[in-house]
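Trainee: Contents are compact mmCIF, C-alpha atoms and all ligand atoms; file name data26.txt:
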# COMPACT_ATOMS: atom_id res chain seq x y z
CA MET A 66 135.92 111.89 84.34
CA THR A 67 136.79 110.20 87.61
CA LEU A 68 136.85 112.25 90.75
CA SER A 69 138.63 111.35 93.94
CA PRO A 70 136.43 109.56 96.46
CA GLN A 71 137.22 112.24 99.06
CA THR A 72 135.34 114.97 97.16
CA SER A 73 132.02 115.51 98.90
CA PRO A 74 129.30 114.32 96.58
CA VAL A 75 127.12 116.72 94.64
CA ILE A 76 124.78 114.01 93.42
CA SER A 77 123.59 111.11 95.59
CA ALA A 78 121.76 108.24 93.97
CA ILE A 79 119.63 106.11 96.27
CA VAL A 80 118.87 102.59 95.16
CA PRO A 81 116.40 100.60 97.28
CA ALA A 82 117.00 96.91 96.70
CA TYR A 83 115.07 93.89 97.92
CA ASN A 84 116.38 90.52 96.76
CA GLU A 85 118.06 92.10 93.75
CA GLY A 86 121.37 90.17 93.99
CA GLN A 87 120.96 88.83 90.48
CA GLY A 88 120.95 92.09 88.55
CA LEU A 89 122.33 94.56 91.10
CA ALA A 90 125.95 94.69 89.89
CA ILE A 91 124.91 95.50 86.31
CA ALA A 92 122.39 98.09 87.48
CA ILE A 93 124.86 99.85 89.77
CA LYS A 94 127.55 99.85 87.10
CA THR A 95 125.13 101.35 84.59
CA ILE A 96 124.04 104.04 87.04
CA ALA A 97 127.69 104.76 87.97
CA GLY A 98 128.60 105.05 84.28
CA THR A 99 125.82 107.57 83.70
CA LEU A 100 126.82 109.59 86.77
CA ASP A 101 130.46 109.60 85.63
CA ALA A 102 129.35 111.24 82.41
CA CYS A 103 127.63 114.02 84.35
CA GLU A 104 130.89 115.50 85.58
CA SER A 105 129.84 115.95 89.20
CA ALA A 106 131.13 114.20 92.27
CA TRP A 107 128.66 111.47 93.13
CA GLU A 108 127.82 108.68 95.54
CA ILE A 109 125.49 105.75 95.17
CA ILE A 110 123.78 104.47 98.30
CA VAL A 111 122.20 101.05 97.97
CA VAL A 112 119.64 100.35 100.67
CA ASP A 113 119.28 96.63 101.16
CA ASP A 114 115.73 96.26 102.43
CA GLY A 115 116.25 93.02 104.36
CA SER A 116 117.02 90.85 101.32
CA HIS A 117 117.32 87.08 101.72
CA ASP A 118 119.77 86.69 98.85
CA HIS A 119 123.30 88.00 98.26
CA THR A 120 122.26 91.62 97.60
CA PHE A 121 124.39 93.06 100.38
CA GLN A 122 127.43 90.94 99.54
CA GLN A 123 127.16 92.44 96.07
CA VAL A 124 127.12 95.94 97.56
CA GLN A 125 130.20 95.13 99.66
CA LEU A 126 132.04 93.89 96.58
CA LEU A 127 131.09 96.96 94.55
CA SER A 128 132.05 99.26 97.41
CA ALA A 129 135.47 97.65 97.72
CA LEU A 130 136.07 98.38 94.04
CA ASP A 131 134.72 101.93 94.15
CA PRO A 132 134.30 103.67 97.53
CA ARG A 133 131.74 106.04 96.01
CA ILE A 134 129.37 103.08 96.10
CA LYS A 135 128.01 102.76 99.63
CA GLY A 136 125.36 100.70 101.29
CA VAL A 137 123.15 100.18 104.31
CA ALA A 138 121.43 96.96 105.19
CA LEU A 139 118.16 97.23 107.09
CA SER A 140 117.55 94.65 109.80
CA ARG A 141 114.52 93.23 107.98
CA ASN A 142 112.21 94.03 105.08
CA PHE A 143 110.66 97.38 106.02
CA GLY A 144 109.22 98.10 102.58
CA LYS A 145 110.35 100.40 99.80
CA GLU A 146 109.05 103.58 101.43
CA ALA A 147 111.19 102.99 104.53
CA ALA A 148 114.17 101.97 102.40
CA MET A 149 113.94 105.22 100.44
CA LEU A 150 113.77 107.21 103.66
CA ALA A 151 116.85 105.39 104.98
CA GLY A 152 118.66 106.38 101.81
CA LEU A 153 117.50 110.00 102.04
CA GLU A 154 118.79 110.18 105.61
CA GLN A 155 122.20 108.88 104.60
CA ALA A 156 122.61 110.94 101.44
CA THR A 157 124.94 113.92 101.58
CA GLY A 158 124.63 115.20 98.01
CA GLN A 159 123.17 118.56 96.99
CA ALA A 160 120.75 116.69 94.76
CA VAL A 161 119.39 113.23 95.49
CA ILE A 162 118.13 110.86 92.82
CA ILE A 163 116.00 107.87 93.76
CA ILE A 164 116.13 105.04 91.27
CA ASP A 165 115.05 101.38 91.26
CA ALA A 166 117.56 98.55 91.36
CA ASP A 167 116.05 96.66 88.42
CA LEU A 168 116.90 99.19 85.68
CA GLN A 169 113.20 99.78 85.10
CA HIS A 170 113.94 103.42 85.72
CA PRO A 171 116.26 104.29 82.82
CA PRO A 172 119.53 105.83 84.07
CA ASP A 173 119.69 107.63 80.69
CA LEU A 174 117.25 110.12 82.15
CA ILE A 175 119.69 111.14 84.92
CA PRO A 176 121.67 113.70 82.84
CA ASP A 177 118.41 115.44 81.89
CA MET A 178 117.27 115.44 85.53
CA ILE A 179 120.56 116.98 86.62
CA LYS A 180 120.30 119.56 83.84
CA GLN A 181 116.84 120.61 85.07
CA TRP A 182 118.14 120.78 88.63
CA ARG A 183 121.01 123.02 87.56
CA LEU A 184 118.42 125.28 85.94
CA GLY A 185 116.83 125.71 89.35
CA VAL A 186 114.08 123.07 89.46
CA GLN A 187 113.83 121.52 92.92
CA ILE A 188 111.85 118.39 92.17
CA VAL A 189 112.25 116.53 88.89
CA HIS A 190 109.66 113.77 88.47
CA ALA A 191 110.12 110.97 86.01
CA VAL A 192 106.73 109.93 84.72
CA LYS A 193 105.96 106.56 83.14
CA ARG A 194 104.77 106.88 79.59
CA SER A 195 103.72 103.28 79.13
CA ARG A 196 103.32 100.21 81.25
CA LYS A 197 103.56 97.67 78.46
CA GLU A 198 105.72 95.25 80.40
CA ASP A 199 103.37 94.98 83.33
CA SER A 200 100.76 92.28 83.42
CA PHE A 201 97.09 93.18 82.98
CA GLY A 202 96.50 92.78 86.71
CA GLN A 203 99.42 95.03 87.65
CA ARG A 204 98.38 97.67 85.17
CA THR A 205 94.80 97.62 86.41
CA SER A 206 95.76 97.83 90.07
CA ALA A 207 98.25 100.61 89.36
CA TYR A 208 95.54 102.46 87.44
CA VAL A 209 92.93 102.02 90.16
CA ILE A 210 95.34 103.15 92.88
CA ASN A 211 96.50 106.21 90.93
CA TYR A 212 92.91 107.06 90.01
CA LEU A 213 91.71 106.83 93.62
CA ILE A 214 94.50 109.03 94.94
CA SER A 215 94.35 111.58 92.15
CA ASN A 216 90.61 111.99 92.43
CA PHE A 217 90.02 111.70 96.13
CA GLY A 218 93.38 112.60 97.61
CA GLY A 219 93.49 115.96 95.89
CA ILE A 220 96.99 115.46 94.48
CA ASN A 221 97.99 114.50 91.01
CA ILE A 222 100.20 111.45 90.80
CA LYS A 223 98.86 109.78 87.65
CA ASN A 224 101.60 107.56 86.27
CA ALA A 225 104.03 108.99 88.79
CA SER A 226 106.93 106.81 89.82
CA ASP A 227 109.40 106.97 92.66
CA PHE A 228 112.11 107.88 90.14
CA LYS A 229 112.85 111.47 91.13
CA LEU A 230 115.51 114.03 91.68
CA LEU A 231 115.15 116.06 94.85
CA ASP A 232 117.06 119.17 95.78
CA ARG A 233 118.82 119.20 99.18
CA GLU A 234 116.17 121.60 100.52
CA ILE A 235 113.41 119.11 99.72
CA VAL A 236 115.37 116.20 101.19
CA ASP A 237 115.86 118.15 104.42
CA ILE A 238 112.14 118.90 104.59
CA ILE A 239 111.24 115.24 104.05
CA VAL A 240 113.75 114.02 106.60
CA HIS A 241 113.25 116.65 109.32
CA GLN A 242 109.83 118.19 108.91
CA LEU A 243 107.59 115.32 107.88
CA PRO A 244 107.63 113.04 110.87
CA GLU A 245 104.64 110.94 109.84
CA ARG A 246 105.20 107.24 110.07
CA GLU A 247 103.16 106.05 107.17
CA ARG A 248 104.51 107.71 104.10
CA PHE A 249 103.46 107.71 100.55
CA PHE A 250 106.48 109.14 98.87
CA ARG A 251 104.98 109.72 95.43
CA GLY A 252 102.18 111.77 96.90
CA LEU A 253 104.31 113.59 99.45
CA THR A 254 106.61 115.18 96.91
CA SER A 255 103.63 116.60 94.99
CA TRP A 256 102.06 117.79 98.23
CA LEU A 257 105.18 119.81 99.12
CA GLY A 258 104.72 122.30 96.29
CA PHE A 259 108.03 123.86 95.15
CA SER A 260 109.23 124.07 91.57
CA GLU A 261 108.63 120.84 89.70
CA HIS A 262 109.48 119.50 86.30
CA TYR A 263 108.26 116.36 84.58
CA LEU A 264 110.31 114.10 82.35
CA TYR A 265 108.81 111.11 80.56
CA PHE A 266 110.15 107.60 80.14
CA ASP A 267 109.06 104.20 78.88
CA VAL A 268 109.12 101.43 81.43
CA ALA A 269 111.85 98.99 80.51
CA SER A 270 111.45 95.28 81.16
CA ARG A 271 112.57 94.13 84.53
CA GLN A 272 116.18 93.02 85.13
CA GLY A 273 116.18 89.85 87.17
CA ASP A 274 113.00 88.10 88.18
CA GLU A 275 109.45 89.31 88.61
CA SER A 276 108.19 92.33 90.52
CA LYS A 277 108.56 92.33 94.30
CA TRP A 278 105.12 93.74 94.82
CA SER A 279 102.34 91.35 95.65
CA PHE A 280 98.68 92.26 95.23
CA MET A 281 98.35 92.60 99.00
CA SER A 282 101.31 95.01 99.25
CA LEU A 283 99.82 97.13 96.46
CA LEU A 284 96.47 97.13 98.24
CA GLU A 285 98.21 98.19 101.44
CA LEU A 286 99.95 100.98 99.57
CA ALA A 287 96.59 102.13 98.23
CA ILE A 288 95.06 102.17 101.71
CA THR A 289 98.08 104.07 103.08
CA ALA A 290 97.89 106.50 100.19
CA LEU A 291 94.19 107.16 100.71
CA THR A 292 94.18 107.34 104.48
CA SER A 293 97.20 109.61 104.60
CA PHE A 294 95.90 112.09 102.06
CA THR A 295 92.16 112.26 102.49
CA SER A 296 89.42 111.84 105.06
CA LEU A 297 86.81 111.49 102.33
CA PRO A 298 85.92 107.86 103.24
CA LEU A 299 84.87 109.10 106.68
CA ARG A 300 82.62 111.70 105.06
CA ILE A 301 81.08 109.05 102.82
CA ILE A 302 80.05 107.22 105.99
CA SER A 303 78.19 110.28 107.28
CA PHE A 304 76.58 110.70 103.87
CA LEU A 305 75.46 107.06 103.90
CA GLY A 306 74.01 107.60 107.37
CA PHE A 307 71.92 110.55 106.18
CA ALA A 308 70.80 108.72 103.06
CA THR A 309 69.57 105.77 105.15
CA LEU A 310 67.84 108.16 107.56
CA ILE A 311 65.90 109.82 104.73
CA LEU A 312 64.96 106.44 103.34
CA GLY A 313 63.87 105.46 106.86
CA PHE A 314 61.48 108.45 107.04
CA PHE A 315 59.80 107.36 103.84
CA VAL A 316 59.34 103.82 105.10
CA ILE A 317 57.96 105.07 108.45
CA ALA A 318 55.50 107.38 106.65
CA GLU A 319 54.36 104.58 104.40
CA THR A 320 53.89 102.22 107.34
CA LEU A 321 51.89 104.80 109.34
CA ILE A 322 49.67 105.62 106.38
CA SER A 323 48.86 101.98 105.72
CA LEU A 324 48.20 101.48 109.48
CA MET A 325 45.74 104.40 109.49
CA ASN A 326 44.03 102.94 106.47
CA GLY A 327 43.43 99.86 108.56
CA GLN A 328 45.83 97.61 106.72
CA ALA A 329 48.00 95.26 108.72
CA VAL A 330 51.75 95.96 108.30
CA SER A 331 53.20 93.23 106.18
CA GLY A 332 56.57 92.70 104.58
CA PHE A 333 58.79 90.32 106.44
CA ALA A 334 61.13 90.18 103.43
CA THR A 335 61.49 93.98 103.44
CA THR A 336 62.48 93.88 107.10
CA ILE A 337 65.15 91.29 106.45
CA ILE A 338 66.52 93.21 103.45
CA CYS A 339 66.62 96.46 105.45
CA LEU A 340 68.35 94.74 108.35
CA LEU A 341 70.97 93.16 106.11
CA LEU A 342 71.61 96.37 104.18
CA ILE A 343 71.94 98.55 107.23
CA GLY A 344 73.99 95.86 108.96
CA SER A 345 76.50 95.79 106.13
CA PHE A 346 76.66 99.59 105.96
CA ILE A 347 77.52 99.62 109.66
CA MET A 348 80.16 96.93 109.30
CA ILE A 349 81.84 98.61 106.34
CA SER A 350 81.74 101.96 108.11
CA LEU A 351 83.33 100.45 111.19
CA GLY A 352 86.01 98.95 108.98
CA ILE A 353 86.79 102.33 107.41
CA ILE A 354 86.91 104.05 110.79
CA GLY A 355 89.12 101.15 111.95
CA GLU A 356 91.61 101.88 109.16
CA TYR A 357 91.99 105.44 110.35
CA ILE A 358 92.28 104.39 113.98
CA ALA A 359 94.96 101.88 112.96
CA LYS A 360 96.86 104.72 111.26
CA ILE A 361 96.59 106.87 114.39
CA TYR A 362 97.80 103.91 116.47
CA GLU A 363 100.79 103.44 114.17
CA GLU A 364 101.62 107.14 114.37
CA VAL A 365 101.39 107.44 118.15
CA LYS A 366 103.64 104.45 118.73
CA HIS A 367 106.45 106.52 117.26
CA ARG A 368 108.57 103.57 116.34
CA PRO A 369 111.50 104.22 114.02
CA HIS A 370 110.74 103.77 110.33
CA TYR A 371 113.53 101.25 109.92
CA LEU A 372 116.56 99.82 111.71
CA ILE A 373 120.01 99.61 110.19
CA LYS A 374 121.92 96.36 110.61
CA THR A 375 125.16 97.07 108.75
CA ARG A 376 126.62 99.76 106.57
CA VAL A 377 129.45 99.90 104.17
CA GLY A 378 131.30 103.10 103.22
CA LEU A 379 129.03 105.24 105.41
CA ASP A 380 129.58 107.23 108.58
CA THR A 381 128.14 105.47 111.66
CA LYS A 382 127.48 108.79 113.38
CA LYS A 383 124.57 109.58 111.07
CA PRO A 384 121.18 109.31 112.80
CA HIS A 385 119.56 105.82 113.01
N1 LIG A 401 111.88 97.19 96.89
C1 LIG A 401 112.29 97.41 98.20
N2 LIG A 401 111.55 96.85 99.21
C2 LIG A 401 110.43 96.11 98.99
C3 LIG A 401 110.00 95.94 97.65
C4 LIG A 401 110.74 96.49 96.63
O1 LIG A 401 113.29 98.07 98.43
O2 LIG A 401 109.83 95.64 99.96
C5 LIG A 401 112.67 97.79 95.79
C6 LIG A 401 113.07 96.81 94.68
O3 LIG A 401 114.27 96.15 94.98
C7 LIG A 401 113.20 97.73 93.48
C8 LIG A 401 112.15 98.79 93.76
O4 LIG A 401 111.88 98.75 95.15
O5 LIG A 401 114.47 98.35 93.42
C9 LIG A 401 110.90 98.57 92.95
O6 LIG A 401 110.43 97.27 93.17
P1 LIG A 401 109.79 96.39 92.01
O7 LIG A 401 110.65 96.45 90.79
O8 LIG A 401 109.53 95.05 92.59
O9 LIG A 401 108.43 97.16 91.79
P2 LIG A 401 107.79 97.79 90.47
O10 LIG A 401 108.87 97.97 89.45
O11 LIG A 401 106.77 96.81 90.07
O12 LIG A 401 107.23 99.09 90.95
MG MG A 402 110.60 97.34 89.04
As structure tokens - that is how I would like this structure written.
Mentor:
Amino acid sequence: MTLSPQTSPVISAIVPAYNEGQGLAIAIKTIAGTLDACESAWEIIVVDDGSHDHTFQQVQLLSALDPRIKGVALSRNFGKEAAMLAGLEQATGQAVIIIDADLQHPPDLIPDMIKQWRLGVQIVHAVKRSRKEDSFGQRTSAYVINYLISNFGGINIKNASDFKLLDREIVDIIVHQLPERERFFRGLTSWLGFSEHYLYFDVASRQGDESKWSFMSLLELAITALTSFTSLPLRIISFLGFATLILGFFVIAETLISLMNGQAVSGFATTIICLLLIGSFIMISLGIIGEYIAKIYEEVKHRPHYLIKTRVGLDTKKPH
């Protein structure tokens, strides 16, 4: 069923894309086909996250053919989290689906997500069942990051992905009531509460070239995730401090006892070891505190999350 482009969309699909020119057209057509089958008015908003290839030209071409396909181009690469936020701010649908541009999030799941939403669920998470296609390194880092956040951040995101359906109410909360600069989308949606439903999918192999995440960007994501959800590392520092203090008392007692027994205090090696150990504890602690201060610094600067360079098919009066 094809609906007229004027109908205000019920479903918005947001597709963050960074250098996805190669496979974008196929991906968007597949997503559009699935949405067509869902019998609701829809729009697809592709957010070009500062790509260096022809991603945005692709969006312009697709939009010329079907005005329900829209796009924004960010002025530079702001990262996927910012790109998703840009999409959320532009979306007008009653339900918003966030889906990757490389078809690794199967569009086949969309009808089920919409069905759950119609039943009253406000957040539908798509959860990865397997990560066969990822390399050993990727799988390990994904596991470590998810483990850290699930265990220390107090929220469960094991195997979570950014592939989600959000009700309008949730989108409005994310856009208007969560002003924090550093976001960790996967965690945020769990943190919100509200009625949730989980659907499972197998990760398909990537359309186009290799993943856009480098090890450093994953590490950064992990640090953002941890620092924005827990202050446990700061508590570990205090704990370390106390542990060293108690150890110190023992060493002092031992030294005094041997002094009173008339033995000269020896142990140059011990001194060096203690110095080095305590020195490294202090350095690491400073580093951890530094991470949090850096986060505070980022937050107080209040810079916009992203800047839009061009748009196609979208109203310019929207914020940002
Ligand atoms: N992406 C983005 N900005 C970035 C990196 C990635 O918008 O800085 C998009 C990318 O185009 C894709 C999605 O985020 O649509 C997921 O990226 P990728 O497939 O590289 O990651 P993975 O599948 O390994 O999570
Ligand atoms: Mg991918």
Trainee: Pick out the closest residue to ligand LIG 401 (chain A) from this set: A:Ile354, A:Leu231, A:Ala82, A:Ile96. Count all atoms listed in the file.
Mentor: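 For ligand LIG 401 (chain A), the nearest of the given residues is A:Ala82.
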Trainee: Hey, which residues sit close to ligand LIG 401 (chain A)? Say within 6 Å, counting only C-alpha atoms and all ligand atoms, and write them as a PyMOL selection string.
Mentor: chain A and resi 81-83+85+114+142+144-145+148+165-167+276-278
Trainee: Would you mind telling me which residue in A:Val365, A:Leu174, A:Ile301, A:Ala90 lies nearest to Phe266 (chain A) when using only C-alpha atoms?
Mentor: A:Leu174
Trainee: Please compute the CA of Ala106 (chain A)-CA of Pro176 (chain A) distance, one decimal, in Å.
Mentor: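 Separation between CA of Ala106 (chain A) and CA of Pro176 (chain A): 13.4 Å.
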Trainee: Looking at only C-alpha atoms, which of A:Ala334, A:Val240, A:Ala151, A:Ala102 is the one that sits closest to Ile175 (chain A)?
Mentor: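 Checking each candidate against Ile175 (chain A), we get A:Ala102 as the closest.
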Trainee: Pick out the closest residue to Asp131 (chain A) from this set: A:Val377, A:Phe314, A:Leu340, A:Gly115. Count all atoms listed in the file.
Mentor: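 Smallest separation from Asp131 (chain A) among the options: A:Val377.
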Trainee: If I take CA of Val316 (chain A) and CA of Ile337 (chain A), how far is one from the other in Å, to one decimal?
Mentor: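 Pair CA of Val316 (chain A) / CA of Ile337 (chain A) returns 13.9 Å.
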Trainee: Using only C-alpha atoms and all ligand atoms, which residue out of A:Leu89, A:Val209, A:Leu100, A:Leu168 lies closest to ligand MG 402 (chain A)?
Mentor: A:Leu168
Trainee: For Gly98 (chain A), which residue out of A:Val75, A:Ser128, A:Asp173, A:Ala160 is the nearest one, using all atoms listed in the file?
Mentor: A:Asp173
Trainee: What box, with edges along x, y and z, holds each listed atom of region 315-334 of chain A when 6 Å is added on every side, and can you state its centre and edge lengths in Å to one decimal, as lines of an AutoDock Vina configuration file?
Mentor:
center_x = 52.3
center_y = 98.8
center_z = 106.5
size_x = 29.7
size_y = 29.2
size_z = 18.1
Trainee: Excluding Gln125 (chain A) and residues on its chain fewer than 4 positions from it, collect all residues at most 9 Å away from it, counting only C-alpha atoms, and give them as a list in words.
Mentor: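 Result of the neighbour search: Thr120, Phe121, Ala129, Leu130, Ile134, Lys135, Gly136, Val377 and Gly378 of chain A.
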Trainee: Please report the interatomic distance between CA of Leu297 (chain A) and CA of Glu363 (chain A) in Å with one decimal.
Mentor: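 Between CA of Leu297 (chain A) and CA of Glu363 (chain A) the gap is 20.0 Å.
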Trainee: Leaving out region 258-263 of chain A and any residue of its chain fewer than 3 positions from it, which residues lie within 6 Å of it when counting only C-alpha atoms, given as a list of chain:residue names?
Mentor: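 So, after excluding close chain neighbours, the residues are A:Val186, A:Gln187, A:Ile188, A:Val189, A:His190, A:Ala191, A:Ser255.
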